[in-house]
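For reference, query-v1.txt is printed below; it contains compact mmCIF, C-alpha atoms and all ligand atoms.
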```txt
# COMPACT_ATOMS: atom_id res chain seq x y z
CA MET A 1 13.69 58.30 71.87
CA LYS A 2 15.72 55.22 70.91
CA ILE A 3 18.95 53.82 72.24
CA THR A 4 21.76 53.28 69.75
CA LYS A 5 24.12 50.93 71.57
CA SER A 6 24.23 48.30 74.25
CA HIS A 7 24.14 49.28 77.96
CA THR A 8 24.48 47.27 81.13
CA ALA A 9 23.94 47.84 84.86
CA GLN A 10 23.91 45.78 88.03
CA TYR A 11 22.36 46.46 91.46
CA THR A 12 21.35 44.69 94.62
CA ALA A 13 18.13 45.69 96.33
CA PRO A 14 16.74 44.46 99.64
CA SER A 15 13.38 43.13 100.68
CA ASN A 16 11.42 45.20 103.19
CA ILE A 17 8.90 44.45 105.89
CA ALA A 18 5.96 46.80 106.32
CA LEU A 19 5.14 48.08 109.80
CA VAL A 20 2.03 49.92 108.61
CA LYS A 21 0.67 47.86 105.74
CA TYR A 22 -0.21 48.84 102.19
CA TRP A 23 -3.32 46.86 101.22
CA GLY A 24 -5.56 48.34 98.55
CA LYS A 25 -4.58 50.36 95.51
CA GLN A 26 -5.87 52.54 92.70
CA ALA A 27 -4.77 52.43 89.05
CA HIS A 28 -1.03 52.68 88.35
CA GLN A 29 -0.16 51.31 91.80
CA ILE A 30 -1.22 54.44 93.64
CA PRO A 31 -1.74 53.24 97.21
CA GLU A 32 -5.04 53.76 99.02
CA ASN A 33 -3.06 54.55 102.18
CA ALA A 34 0.43 55.43 103.31
CA SER A 35 2.77 52.70 104.60
CA ILE A 36 6.05 52.53 106.51
CA SER A 37 8.62 49.74 106.35
CA PHE A 38 11.95 48.54 107.66
CA THR A 39 14.53 47.76 104.98
CA LEU A 40 16.28 44.41 105.41
CA LYS A 41 19.96 43.64 105.04
CA LYS A 42 20.41 40.03 103.99
CA CYS A 43 17.27 39.27 101.98
CA LEU A 44 18.46 40.73 98.69
CA THR A 45 17.95 40.43 94.95
CA ASN A 46 20.99 40.87 92.73
CA THR A 47 20.08 41.89 89.18
CA ARG A 48 22.19 42.57 86.10
CA ILE A 49 20.58 43.78 82.90
CA VAL A 50 21.86 44.18 79.39
CA VAL A 51 19.83 46.32 76.99
CA THR A 52 20.36 46.48 73.24
CA PRO A 53 18.51 48.32 70.44
CA LYS A 54 15.37 46.35 69.54
CA LEU A 55 15.86 44.09 66.54
CA ASN A 56 12.21 43.42 65.60
CA GLU A 57 8.86 45.08 66.07
CA LYS A 58 8.18 42.84 69.06
CA GLN A 59 10.20 43.56 72.19
CA PHE A 60 12.38 40.64 73.32
CA ILE A 61 12.57 40.23 77.11
CA GLN A 62 14.59 37.33 78.46
CA VAL A 63 14.80 36.62 82.20
CA PHE A 64 17.36 34.27 83.72
CA PHE A 65 16.48 33.47 87.33
CA GLU A 66 19.32 31.80 89.24
CA GLY A 67 21.03 30.98 85.95
CA LYS A 68 18.01 29.41 84.25
CA MET A 69 15.71 31.01 81.71
CA ASN A 70 12.38 31.73 83.41
CA GLU A 71 9.36 33.00 81.49
CA LYS A 72 7.15 33.40 84.55
CA PHE A 73 8.39 36.94 85.27
CA VAL A 74 8.10 38.26 81.70
CA PRO A 75 4.42 39.44 81.71
CA LYS A 76 4.94 41.50 84.91
CA ILE A 77 8.04 43.13 83.42
CA GLN A 78 6.24 43.85 80.12
CA LYS A 79 3.46 45.53 82.09
CA MET A 80 6.00 47.55 84.07
CA PHE A 81 7.74 48.71 80.87
CA HIS A 82 4.45 50.01 79.46
CA GLU A 83 3.73 51.80 82.74
CA ILE A 84 7.14 53.54 82.85
CA HIS A 85 7.27 54.51 79.18
CA SER A 86 6.31 58.11 79.97
CA ILE A 87 9.26 58.36 82.41
CA LEU A 88 11.89 56.38 80.45
CA PRO A 89 10.95 57.08 76.81
CA TRP A 90 13.48 54.58 75.39
CA ILE A 91 12.11 51.63 77.34
CA LEU A 92 10.00 50.15 74.52
CA SER A 93 12.79 50.48 71.93
CA ILE A 94 15.05 47.90 73.58
CA ASP A 95 15.55 44.19 73.80
CA VAL A 96 16.60 43.21 77.30
CA GLU A 97 18.33 40.36 79.06
CA ILE A 98 17.81 40.22 82.83
CA HIS A 99 19.94 38.01 85.10
CA THR A 100 18.60 37.87 88.61
CA GLU A 101 19.07 35.88 91.81
CA ASN A 102 18.02 36.13 95.45
CA THR A 103 20.23 35.69 98.48
CA PHE A 104 17.35 34.12 100.38
CA PRO A 105 16.33 30.55 99.63
CA HIS A 106 14.16 30.08 96.57
CA SER A 107 11.27 28.39 98.34
CA SER A 108 11.44 30.23 101.64
CA GLY A 109 7.99 31.72 101.17
CA ILE A 110 9.51 35.23 101.23
CA ALA A 111 8.00 37.52 98.63
CA SER A 112 10.76 38.63 96.31
CA SER A 113 8.76 41.10 94.25
CA ALA A 114 9.85 44.12 96.35
CA SER A 115 13.57 43.39 96.10
CA SER A 116 13.46 42.20 92.49
CA MET A 117 11.40 45.10 91.15
CA CYS A 118 13.52 47.58 93.09
CA ALA A 119 16.78 46.10 91.76
CA LEU A 120 15.38 46.20 88.21
CA ALA A 121 14.26 49.82 88.67
CA ALA A 122 17.74 50.80 89.92
CA CYS A 123 19.34 49.17 86.84
CA LEU A 124 16.91 50.94 84.49
CA VAL A 125 17.54 54.35 86.07
CA ASP A 126 21.29 53.76 85.84
CA ILE A 127 20.91 52.99 82.13
CA HIS A 128 18.73 56.09 81.75
CA GLY A 129 21.72 58.05 83.09
CA GLN A 130 24.00 56.35 80.56
CA VAL A 131 21.63 57.10 77.67
CA TYR A 132 21.29 60.80 78.59
CA GLY A 133 24.85 61.26 79.86
CA ILE A 134 23.65 62.14 83.37
CA GLU A 135 26.14 61.69 86.24
CA GLN A 136 25.04 58.76 88.41
CA GLU A 137 25.14 60.91 91.57
CA GLN A 138 22.47 63.14 90.12
CA LEU A 139 20.07 60.28 89.47
CA ASN A 140 17.94 60.32 92.47
CA HIS A 141 16.47 57.64 94.62
CA ILE A 142 13.04 59.17 94.16
CA LEU A 143 13.08 58.29 90.46
CA ILE A 144 14.15 54.71 91.26
CA SER A 145 11.40 54.48 93.87
CA GLU A 146 8.75 55.76 91.45
CA ILE A 147 9.77 53.25 88.80
CA ALA A 148 9.98 50.44 91.37
CA ARG A 149 6.43 51.31 92.49
CA LEU A 150 5.16 50.77 88.96
CA GLY A 151 6.71 47.26 89.04
CA SER A 152 5.38 46.28 92.46
CA GLY A 153 3.96 48.76 94.98
CA SER A 154 5.96 47.74 98.04
CA ALA A 155 9.19 47.80 95.95
CA ALA A 156 9.02 51.61 96.15
CA ARG A 157 10.13 51.36 99.79
CA SER A 158 13.17 49.08 99.22
CA VAL A 159 15.40 51.87 97.89
CA TYR A 160 16.37 53.45 101.21
CA PRO A 161 18.38 52.44 104.25
CA ARG A 162 16.59 51.26 107.41
CA ILE A 163 13.21 52.96 107.10
CA ALA A 164 10.98 54.34 104.36
CA LEU A 165 7.62 56.04 104.06
CA TRP A 166 5.49 55.62 100.96
CA GLY A 167 2.29 57.62 100.56
CA HIS A 168 1.20 61.08 101.56
CA VAL A 169 0.95 61.89 105.26
CA ASN A 170 0.26 65.39 106.54
CA SER A 171 3.16 65.58 108.99
CA ILE A 172 5.91 64.74 106.47
CA LYS A 173 6.38 67.47 103.93
CA HIS A 174 7.71 65.68 100.86
CA SER A 175 5.76 62.45 101.29
CA SER A 176 4.03 61.25 98.13
CA ASN A 177 1.80 58.50 96.78
CA LYS A 178 4.09 58.25 93.75
CA TYR A 179 7.30 57.30 95.50
CA ALA A 180 8.73 56.43 98.89
CA ILE A 181 11.02 58.74 100.82
CA ASP A 182 13.83 58.27 103.31
CA ILE A 183 12.68 59.10 106.86
CA ASN A 184 15.88 58.13 108.69
CA GLU A 185 16.03 61.57 110.30
CA ILE A 186 13.08 60.65 112.53
CA LEU A 187 14.46 57.27 113.66
CA HIS A 188 15.29 57.18 117.39
CA GLU A 189 18.43 55.24 118.27
CA HIS A 190 16.27 52.60 120.02
CA PHE A 191 15.11 51.46 116.59
CA ALA A 192 18.26 52.00 114.53
CA ASP A 193 19.69 48.56 115.32
CA TYR A 194 16.53 46.51 114.99
CA CYS A 195 16.67 42.85 113.95
CA ASP A 196 14.09 40.82 112.04
CA ALA A 197 13.98 37.05 112.53
CA ILE A 198 11.87 35.53 109.75
CA LEU A 199 10.20 32.30 110.85
CA ILE A 200 9.39 30.21 107.81
CA VAL A 201 6.14 28.40 108.52
CA SER A 202 5.54 27.38 104.94
CA ASN A 203 7.67 27.43 101.80
CA LYS A 204 4.65 27.24 99.48
CA GLU A 205 3.80 29.94 96.99
CA LYS A 206 1.12 32.30 98.22
CA SER A 207 -2.38 30.95 97.55
CA VAL A 208 -3.63 34.46 96.68
CA SER A 209 -1.43 36.87 94.72
CA SER A 210 -1.05 40.32 96.21
CA THR A 211 -2.60 41.78 93.03
CA ALA A 212 -5.75 39.73 93.67
CA GLY A 213 -5.63 40.64 97.37
CA HIS A 214 -5.40 44.37 96.70
CA SER A 215 -8.31 44.24 94.27
CA LEU A 216 -10.54 42.49 96.82
CA MET A 217 -10.26 45.64 98.94
CA LYS A 218 -12.43 47.42 96.36
CA ASN A 219 -15.55 45.68 97.66
CA ASN A 220 -14.43 45.21 101.24
CA SER A 221 -16.98 46.79 103.61
CA TYR A 222 -14.19 48.00 105.89
CA ALA A 223 -12.09 49.62 103.16
CA THR A 224 -12.82 53.29 103.87
CA ALA A 225 -12.30 52.91 107.61
CA ARG A 226 -9.12 50.92 107.01
CA TYR A 227 -7.51 53.54 104.75
CA ALA A 228 -8.23 56.25 107.33
CA GLN A 229 -6.86 54.02 110.13
CA ALA A 230 -3.68 53.20 108.21
CA ASN A 231 -2.95 56.88 107.54
CA LYS A 232 -3.54 57.64 111.21
CA ASN A 233 -1.27 54.74 112.18
CA CYS A 234 1.48 56.15 109.96
CA GLU A 235 1.25 59.46 111.82
CA LYS A 236 1.25 57.60 115.16
CA LEU A 237 4.19 55.41 114.14
CA ILE A 238 6.19 58.45 113.05
CA SER A 239 5.90 59.93 116.52
CA ILE A 240 6.68 56.53 118.13
CA LEU A 241 9.80 56.20 115.96
CA GLN A 242 10.81 59.71 117.02
CA SER A 243 10.26 59.18 120.71
CA GLY A 244 11.82 55.71 120.90
CA ASP A 245 8.74 54.27 122.67
CA GLU A 246 9.18 50.53 122.08
CA GLN A 247 6.03 49.49 123.95
CA ALA A 248 3.85 51.67 121.77
CA PHE A 249 5.72 50.26 118.73
CA VAL A 250 4.85 46.68 119.73
CA THR A 251 1.15 47.50 120.11
CA LEU A 252 0.86 49.36 116.82
CA VAL A 253 2.91 46.94 114.69
CA GLU A 254 1.08 43.82 115.90
CA ARG A 255 -2.32 45.43 115.42
CA GLU A 256 -1.36 46.39 111.86
CA ALA A 257 -0.34 42.80 111.05
CA LEU A 258 -3.53 41.34 112.47
CA THR A 259 -5.65 43.97 110.70
CA LEU A 260 -4.10 43.00 107.34
CA HIS A 261 -5.15 39.40 107.87
CA ALA A 262 -8.57 40.40 109.25
CA LEU A 263 -9.16 42.36 106.03
CA MET A 264 -8.36 39.25 104.00
CA MET A 265 -10.74 37.17 106.09
CA ALA A 266 -13.46 39.81 105.61
CA SER A 267 -13.05 39.95 101.82
CA GLU A 268 -15.48 38.39 99.37
CA PRO A 269 -14.34 35.74 98.65
CA SER A 270 -12.71 35.43 102.01
CA PHE A 271 -9.26 33.97 102.46
CA MET A 272 -7.13 33.00 105.39
CA LEU A 273 -3.36 32.75 105.02
CA PHE A 274 -2.53 31.67 108.59
CA GLU A 275 -1.33 28.14 109.22
CA SER A 276 -1.92 26.70 112.68
CA GLU A 277 1.81 27.21 113.39
CA THR A 278 1.41 30.95 112.65
CA ILE A 279 -1.08 31.22 115.50
CA GLN A 280 1.03 29.07 117.84
CA ILE A 281 4.05 31.31 117.19
CA ILE A 282 2.03 34.50 117.77
CA LYS A 283 0.66 33.18 121.06
CA SER A 284 4.12 32.05 122.22
CA ILE A 285 5.55 35.51 121.47
CA GLN A 286 2.79 37.19 123.44
CA ALA A 287 3.31 34.82 126.41
CA PHE A 288 7.10 35.30 126.30
CA ARG A 289 6.61 39.06 126.32
CA ARG A 290 4.28 38.87 129.32
CA GLU A 291 6.82 36.72 131.22
CA THR A 292 9.93 38.74 130.37
CA ASN A 293 8.70 42.27 129.65
CA LEU A 294 11.03 42.34 126.64
CA SER A 295 9.95 44.54 123.71
CA LEU A 296 9.76 42.08 120.87
CA CYS A 297 6.84 41.96 118.47
CA PHE A 298 5.58 40.05 115.47
CA THR A 299 4.48 41.21 112.08
CA LEU A 300 3.20 39.35 109.02
CA ASP A 301 3.21 39.71 105.28
CA ALA A 302 0.37 38.40 103.15
CA GLY A 303 1.32 34.83 104.07
CA PRO A 304 1.80 32.49 107.03
CA ASN A 305 5.43 33.33 107.90
CA VAL A 306 6.13 35.39 111.01
CA HIS A 307 8.63 38.24 111.29
CA ILE A 308 9.88 38.95 114.82
CA LEU A 309 11.23 42.46 115.39
CA TYR A 310 13.54 43.28 118.31
CA SER A 311 16.44 45.48 119.25
CA LYS A 312 20.03 44.19 119.22
CA ARG A 313 20.02 45.00 122.94
CA ILE A 314 17.83 41.95 123.59
CA LYS A 315 19.14 39.80 120.73
CA LYS A 316 20.59 37.07 122.98
CA GLU A 317 17.39 36.48 124.95
CA VAL A 318 15.10 36.67 121.90
CA GLU A 319 17.21 34.39 119.71
CA TYR A 320 17.50 31.80 122.51
CA PHE A 321 13.70 31.89 122.78
CA ILE A 322 13.34 31.45 119.02
CA GLU A 323 15.84 28.58 118.87
CA THR A 324 14.40 26.68 121.82
CA GLN A 325 10.68 27.42 121.63
CA LEU A 326 9.70 28.59 118.15
CA LYS A 327 11.87 26.57 115.78
CA PRO A 328 9.70 23.45 116.16
CA PHE A 329 6.82 25.37 114.55
CA CYS A 330 8.91 26.30 111.51
CA TYR A 331 9.07 24.42 108.23
CA GLU A 332 12.22 22.28 108.44
CA GLY A 333 13.21 24.47 111.43
CA ARG A 334 13.95 27.36 109.10
CA VAL A 335 14.60 30.80 110.57
CA LEU A 336 16.35 33.63 108.69
CA TYR A 337 18.04 36.11 110.97
CA ASP A 338 18.09 39.51 109.33
CA GLU A 339 18.41 43.12 110.47
CA LEU A 340 18.02 46.65 109.18
CA GLY A 341 20.07 47.23 106.05
CA LEU A 342 21.26 49.94 103.74
CA GLY A 343 18.99 49.92 100.68
CA ILE A 344 20.07 49.60 97.06
CA GLU A 345 23.70 49.18 96.10
CA LYS A 346 25.36 49.53 92.70
CA ILE A 347 27.60 46.62 91.75
CA LYS A 348 30.60 47.60 89.66
CA ILE A 349 30.89 45.40 86.57
O1 LIG B 401 3.81 45.18 96.60
P1 LIG B 401 2.69 44.22 96.62
O2 LIG B 401 1.66 44.52 95.60
O3 LIG B 401 3.17 42.78 96.55
O4 LIG B 401 1.92 44.37 98.04
C1 LIG B 401 2.51 44.07 99.25
C2 LIG B 401 1.50 44.07 100.33
C3 LIG B 401 1.98 43.65 101.72
O5 LIG B 401 3.24 43.03 101.68
C4 LIG B 401 0.98 42.69 102.32
C5 LIG B 401 2.04 44.86 102.65
C6 LIG B 401 3.17 45.83 102.41
O6 LIG B 401 2.95 47.01 102.66
O7 LIG B 401 4.28 45.41 102.02
```

Represent the structure from my file as structure tokens, please.
Amino acid sequence: MKITKSHTAQYTAPSNIALVKYWGKQAHQIPENASISFTLKKCLTNTRIVVTPKLNEKQFIQVFFEGKMNEKFVPKIQKMFHEIHSILPWILSIDVEIHTENTFPHSSGIASSASSMCALAACLVDIHGQVYGIEQEQLNHILISEIARLGSGSAARSVYPRIALWGHVNSIKHSSNKYAIDINEILHEHFADYCDAILIVSNKEKSVSSTAGHSLMKNNSYATARYAQANKNCEKLISILQSGDEQAFVTLVEREALTLHALMMASEPSFMLFESETIQIIKSIQAFRRETNLSLCFTLDAGPNVHILYSKRIKKEVEYFIETQLKPFCYEGRVLYDELGLGIEKIKI
């Protein structure tokens, strides 16, 4: 299948923060365990792509990041195109120009692969609809999620509003390792207005790529137990999200974050992504919670920055605490205040 004319599409896609973490994968980005994440609102990637019939044997992929040509992303996109060829048969017969930018600061230490791969997947599925004359409404989010997964695993979850589940769990009928699904129907109102303050401890690039991190799980002595625990934690979190039990949420989410980092420390070679400020922030949050009884909790990505999750109901108290007590631990005092958002959005061109 070849395309015969030029097509274009533009989407924004959000970043997401995992509550139960995906860490460890099989071939073709099939996760070793299920994961659940909150979708963010303000940390977005905006991507426009233009595809044209391929001129030469070699495929021409040009990426412009924040207006400047950037070759760094090309190998990952090439790999993704080969992976998705069986789903989008025209993908290797095109030349493509990709214009992409993030709403969050370039060197904020926030991983952009989830939002960028999800935005790219949404554009490609839109173009697939154009090529086959399929109405956009009929192109489903599951297809976008599956394609996003083949770009970067966690990107599969960025498609949906507020909350997504990726990976098979017994209690959720249509859950799958191939794509994420929308689980908004289980979300208790206590969690529907959650905020995420991202405390930037370091703006440096990650010292270990997530690809390298995932592959270290292969020889990690705790791997089998971890995958079983993560699946169990997904089941537990689903019932917590249904019941609205914020205390149980705090306990589970913090343990997940610390387990992710413990796995990294137990890998061979071992690596530690905490900075001393990360630990100071975690301890301050725990002390503040003991003093106030407020249900705020921290979570972490594969890096030193700290995400603080809390309901809008306690926004004033938590943000005063962050501004007065935690900002000094942040790189240049940087904190990004985000909240649950609405998933991918098509931009009319
Ligand atoms: O999507 P990847 O391959 O960059 O992996 C992301 C892994 C974590 O962010 C650490 C956890 C997660 O589930 O998002």

If you count all atoms listed in the file, which residues fall within 12 Å of Pro53 (chain A), apart from same-chain ones fewer than 2 positions away, as a ChimeraX atom specification?
/A:1-7,50-51,55-60,90-97,131

Between chain A and ligand LIG 401 (chain B), at 9 Å or less, what are the per-residue closest atom pairs and their distances in Å? Count all atoms listed in the file, order by chain and rising residue number, and return it as JSON lines.
```
{"residue": "A:Asn16", "atom": "CA", "partner": "B:LIG401", "partner_atom": "O7", "distance": 7.2}
{"residue": "A:Ile17", "atom": "CA", "partner": "B:LIG401", "partner_atom": "O7", "distance": 6.1}
{"residue": "A:Ala18", "atom": "CA", "partner": "B:LIG401", "partner_atom": "O6", "distance": 4.7}
{"residue": "A:Leu19", "atom": "CA", "partner": "B:LIG401", "partner_atom": "O6", "distance": 7.5}
{"residue": "A:Val20", "atom": "CA", "partner": "B:LIG401", "partner_atom": "O6", "distance": 6.7}
{"residue": "A:Lys21", "atom": "CA", "partner": "B:LIG401", "partner_atom": "O6", "distance": 3.9}
{"residue": "A:Tyr22", "atom": "CA", "partner": "B:LIG401", "partner_atom": "O6", "distance": 3.7}
{"residue": "A:Trp23", "atom": "CA", "partner": "B:LIG401", "partner_atom": "C2", "distance": 5.6}
{"residue": "A:Gly24", "atom": "CA", "partner": "B:LIG401", "partner_atom": "C2", "distance": 8.4}
{"residue": "A:Lys25", "atom": "CA", "partner": "B:LIG401", "partner_atom": "O2", "distance": 8.5}
{"residue": "A:Gln29", "atom": "CA", "partner": "B:LIG401", "partner_atom": "O2", "distance": 8.0}
{"residue": "A:Ala34", "atom": "CA", "partner": "B:LIG401", "partner_atom": "O6", "distance": 8.8}
{"residue": "A:Ser35", "atom": "CA", "partner": "B:LIG401", "partner_atom": "O6", "distance": 6.0}
{"residue": "A:Ile36", "atom": "CA", "partner": "B:LIG401", "partner_atom": "O6", "distance": 7.4}
{"residue": "A:Ser37", "atom": "CA", "partner": "B:LIG401", "partner_atom": "O6", "distance": 7.3}
{"residue": "A:Ala111", "atom": "CA", "partner": "B:LIG401", "partner_atom": "O3", "distance": 7.4}
{"residue": "A:Ser112", "atom": "CA", "partner": "B:LIG401", "partner_atom": "O3", "distance": 8.7}
{"residue": "A:Ser113", "atom": "CA", "partner": "B:LIG401", "partner_atom": "O3", "distance": 6.3}
{"residue": "A:Ala114", "atom": "CA", "partner": "B:LIG401", "partner_atom": "O1", "distance": 6.1}
{"residue": "A:Arg149", "atom": "CA", "partner": "B:LIG401", "partner_atom": "O1", "distance": 7.8}
{"residue": "A:Gly151", "atom": "CA", "partner": "B:LIG401", "partner_atom": "O1", "distance": 8.4}
{"residue": "A:Ser152", "atom": "CA", "partner": "B:LIG401", "partner_atom": "O1", "distance": 4.6}
{"residue": "A:Gly153", "atom": "CA", "partner": "B:LIG401", "partner_atom": "O1", "distance": 3.9}
{"residue": "A:Ser154", "atom": "CA", "partner": "B:LIG401", "partner_atom": "O1", "distance": 3.6}
{"residue": "A:Ala155", "atom": "CA", "partner": "B:LIG401", "partner_atom": "O1", "distance": 6.0}
{"residue": "A:Ala156", "atom": "CA", "partner": "B:LIG401", "partner_atom": "O1", "distance": 8.3}
{"residue": "A:Arg157", "atom": "CA", "partner": "B:LIG401", "partner_atom": "O7", "distance": 8.6}
{"residue": "A:Ser209", "atom": "CA", "partner": "B:LIG401", "partner_atom": "O3", "distance": 7.7}
{"residue": "A:Ser210", "atom": "CA", "partner": "B:LIG401", "partner_atom": "O3", "distance": 4.9}
{"residue": "A:Thr211", "atom": "CA", "partner": "B:LIG401", "partner_atom": "O2", "distance": 5.7}
{"residue": "A:Gly213", "atom": "CA", "partner": "B:LIG401", "partner_atom": "O2", "distance": 8.4}
{"residue": "A:His214", "atom": "CA", "partner": "B:LIG401", "partner_atom": "O2", "distance": 7.1}
{"residue": "A:Ala257", "atom": "CA", "partner": "B:LIG401", "partner_atom": "C4", "distance": 8.8}
{"residue": "A:Leu260", "atom": "CA", "partner": "B:LIG401", "partner_atom": "C4", "distance": 7.1}
{"residue": "A:His261", "atom": "CA", "partner": "B:LIG401", "partner_atom": "C4", "distance": 8.9}
{"residue": "A:Leu300", "atom": "CA", "partner": "B:LIG401", "partner_atom": "C4", "distance": 7.8}
{"residue": "A:Asp301", "atom": "CA", "partner": "B:LIG401", "partner_atom": "C4", "distance": 4.8}
{"residue": "A:Ala302", "atom": "CA", "partner": "B:LIG401", "partner_atom": "C4", "distance": 4.4}
{"residue": "A:Gly303", "atom": "CA", "partner": "B:LIG401", "partner_atom": "C4", "distance": 8.1}
```

For Leu258 (chain A), the nearest of the candidates A:Cys297, A:Ile49, A:Ala228, A:Ile87, counting all atoms listed in the file:
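When distances to Leu258 (chain A) are compared using all atoms listed in the file, the smallest one comes from A:Cys297.
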
Would you give me, as JSON lines, each residue of region 147-209 of chain A having an atom within 12 Å of an atom of region 325-328 of chain A, along with its shortest atom pair and that distance in Å to one decimal, using only C-alpha atoms and sorting by chain and residue number?
```
{"residue": "A:Ala197", "atom": "CA", "partner": "A:Leu326", "partner_atom": "CA", "distance": 11.0}
{"residue": "A:Ile198", "atom": "CA", "partner": "A:Lys327", "partner_atom": "CA", "distance": 10.8}
{"residue": "A:Leu199", "atom": "CA", "partner": "A:Lys327", "partner_atom": "CA", "distance": 7.7}
{"residue": "A:Ile200", "atom": "CA", "partner": "A:Lys327", "partner_atom": "CA", "distance": 9.1}
{"residue": "A:Val201", "atom": "CA", "partner": "A:Lys327", "partner_atom": "CA", "distance": 9.4}
```

Distance of CA of His307 (chain A) from CA of Asp196 (chain A), expressed in Å to one decimal place:
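Atom-to-atom, CA of Asp196 (chain A) and CA of His307 (chain A) are spaced 6.1 Å apart.
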
Rebuild region 281-294 of chain A so that it carries N, CA, C and O atoms, then output the result as a JSON list (two decimals), keeping the file's coordinate frame.
```json
[["chain", "number", "residue", "atom", "x", "y", "z"],
["A", 281, "ILE", "N", 2.89, 30.42, 117.03],
["A", 281, "ILE", "CA", 4.05, 31.31, 117.19],
["A", 281, "ILE", "C", 3.60, 32.65, 117.79],
["A", 281, "ILE", "O", 4.21, 33.16, 118.74],
["A", 282, "ILE", "N", 2.52, 33.20, 117.26],
["A", 282, "ILE", "CA", 2.03, 34.50, 117.77],
["A", 282, "ILE", "C", 1.72, 34.41, 119.27],
["A", 282, "ILE", "O", 2.12, 35.25, 120.07],
["A", 283, "LYS", "N", 1.03, 33.32, 119.63],
["A", 283, "LYS", "CA", 0.66, 33.18, 121.06],
["A", 283, "LYS", "C", 1.90, 33.00, 121.92],
["A", 283, "LYS", "O", 1.96, 33.52, 123.04],
["A", 284, "SER", "N", 2.89, 32.25, 121.43],
["A", 284, "SER", "CA", 4.12, 32.05, 122.22],
["A", 284, "SER", "C", 4.85, 33.38, 122.40],
["A", 284, "SER", "O", 5.41, 33.64, 123.47],
["A", 285, "ILE", "N", 4.87, 34.21, 121.36],
["A", 285, "ILE", "CA", 5.55, 35.51, 121.47],
["A", 285, "ILE", "C", 4.85, 36.36, 122.52],
["A", 285, "ILE", "O", 5.49, 36.97, 123.38],
["A", 286, "GLN", "N", 3.52, 36.36, 122.48],
["A", 286, "GLN", "CA", 2.79, 37.19, 123.44],
["A", 286, "GLN", "C", 3.02, 36.71, 124.87],
["A", 286, "GLN", "O", 3.22, 37.52, 125.78],
["A", 287, "ALA", "N", 3.08, 35.36, 125.06],
["A", 287, "ALA", "CA", 3.31, 34.82, 126.41],
["A", 287, "ALA", "C", 4.73, 35.15, 126.87],
["A", 287, "ALA", "O", 4.94, 35.57, 128.01],
["A", 288, "PHE", "N", 5.70, 35.00, 125.96],
["A", 288, "PHE", "CA", 7.10, 35.30, 126.30],
["A", 288, "PHE", "C", 7.25, 36.78, 126.70],
["A", 288, "PHE", "O", 7.96, 37.13, 127.64],
["A", 289, "ARG", "N", 6.54, 37.63, 126.01],
["A", 289, "ARG", "CA", 6.61, 39.06, 126.32],
["A", 289, "ARG", "C", 6.01, 39.36, 127.70],
["A", 289, "ARG", "O", 6.56, 40.14, 128.46],
["A", 290, "ARG", "N", 4.89, 38.67, 127.99],
["A", 290, "ARG", "CA", 4.28, 38.87, 129.32],
["A", 290, "ARG", "C", 5.24, 38.43, 130.42],
["A", 290, "ARG", "O", 5.41, 39.10, 131.42],
["A", 291, "GLU", "N", 5.92, 37.27, 130.19],
["A", 291, "GLU", "CA", 6.82, 36.72, 131.22],
["A", 291, "GLU", "C", 8.06, 37.58, 131.41],
["A", 291, "GLU", "O", 8.57, 37.71, 132.51],
["A", 292, "THR", "N", 8.61, 38.12, 130.31],
["A", 292, "THR", "CA", 9.93, 38.74, 130.37],
["A", 292, "THR", "C", 9.91, 40.27, 130.30],
["A", 292, "THR", "O", 10.92, 40.90, 130.59],
["A", 293, "ASN", "N", 8.78, 40.81, 129.86],
["A", 293, "ASN", "CA", 8.70, 42.27, 129.65],
["A", 293, "ASN", "C", 9.62, 42.78, 128.55],
["A", 293, "ASN", "O", 9.89, 43.99, 128.48],
["A", 294, "LEU", "N", 10.13, 41.90, 127.72],
["A", 294, "LEU", "CA", 11.03, 42.34, 126.64],
["A", 294, "LEU", "C", 10.18, 42.87, 125.48],
["A", 294, "LEU", "O", 9.11, 42.34, 125.18]]
```
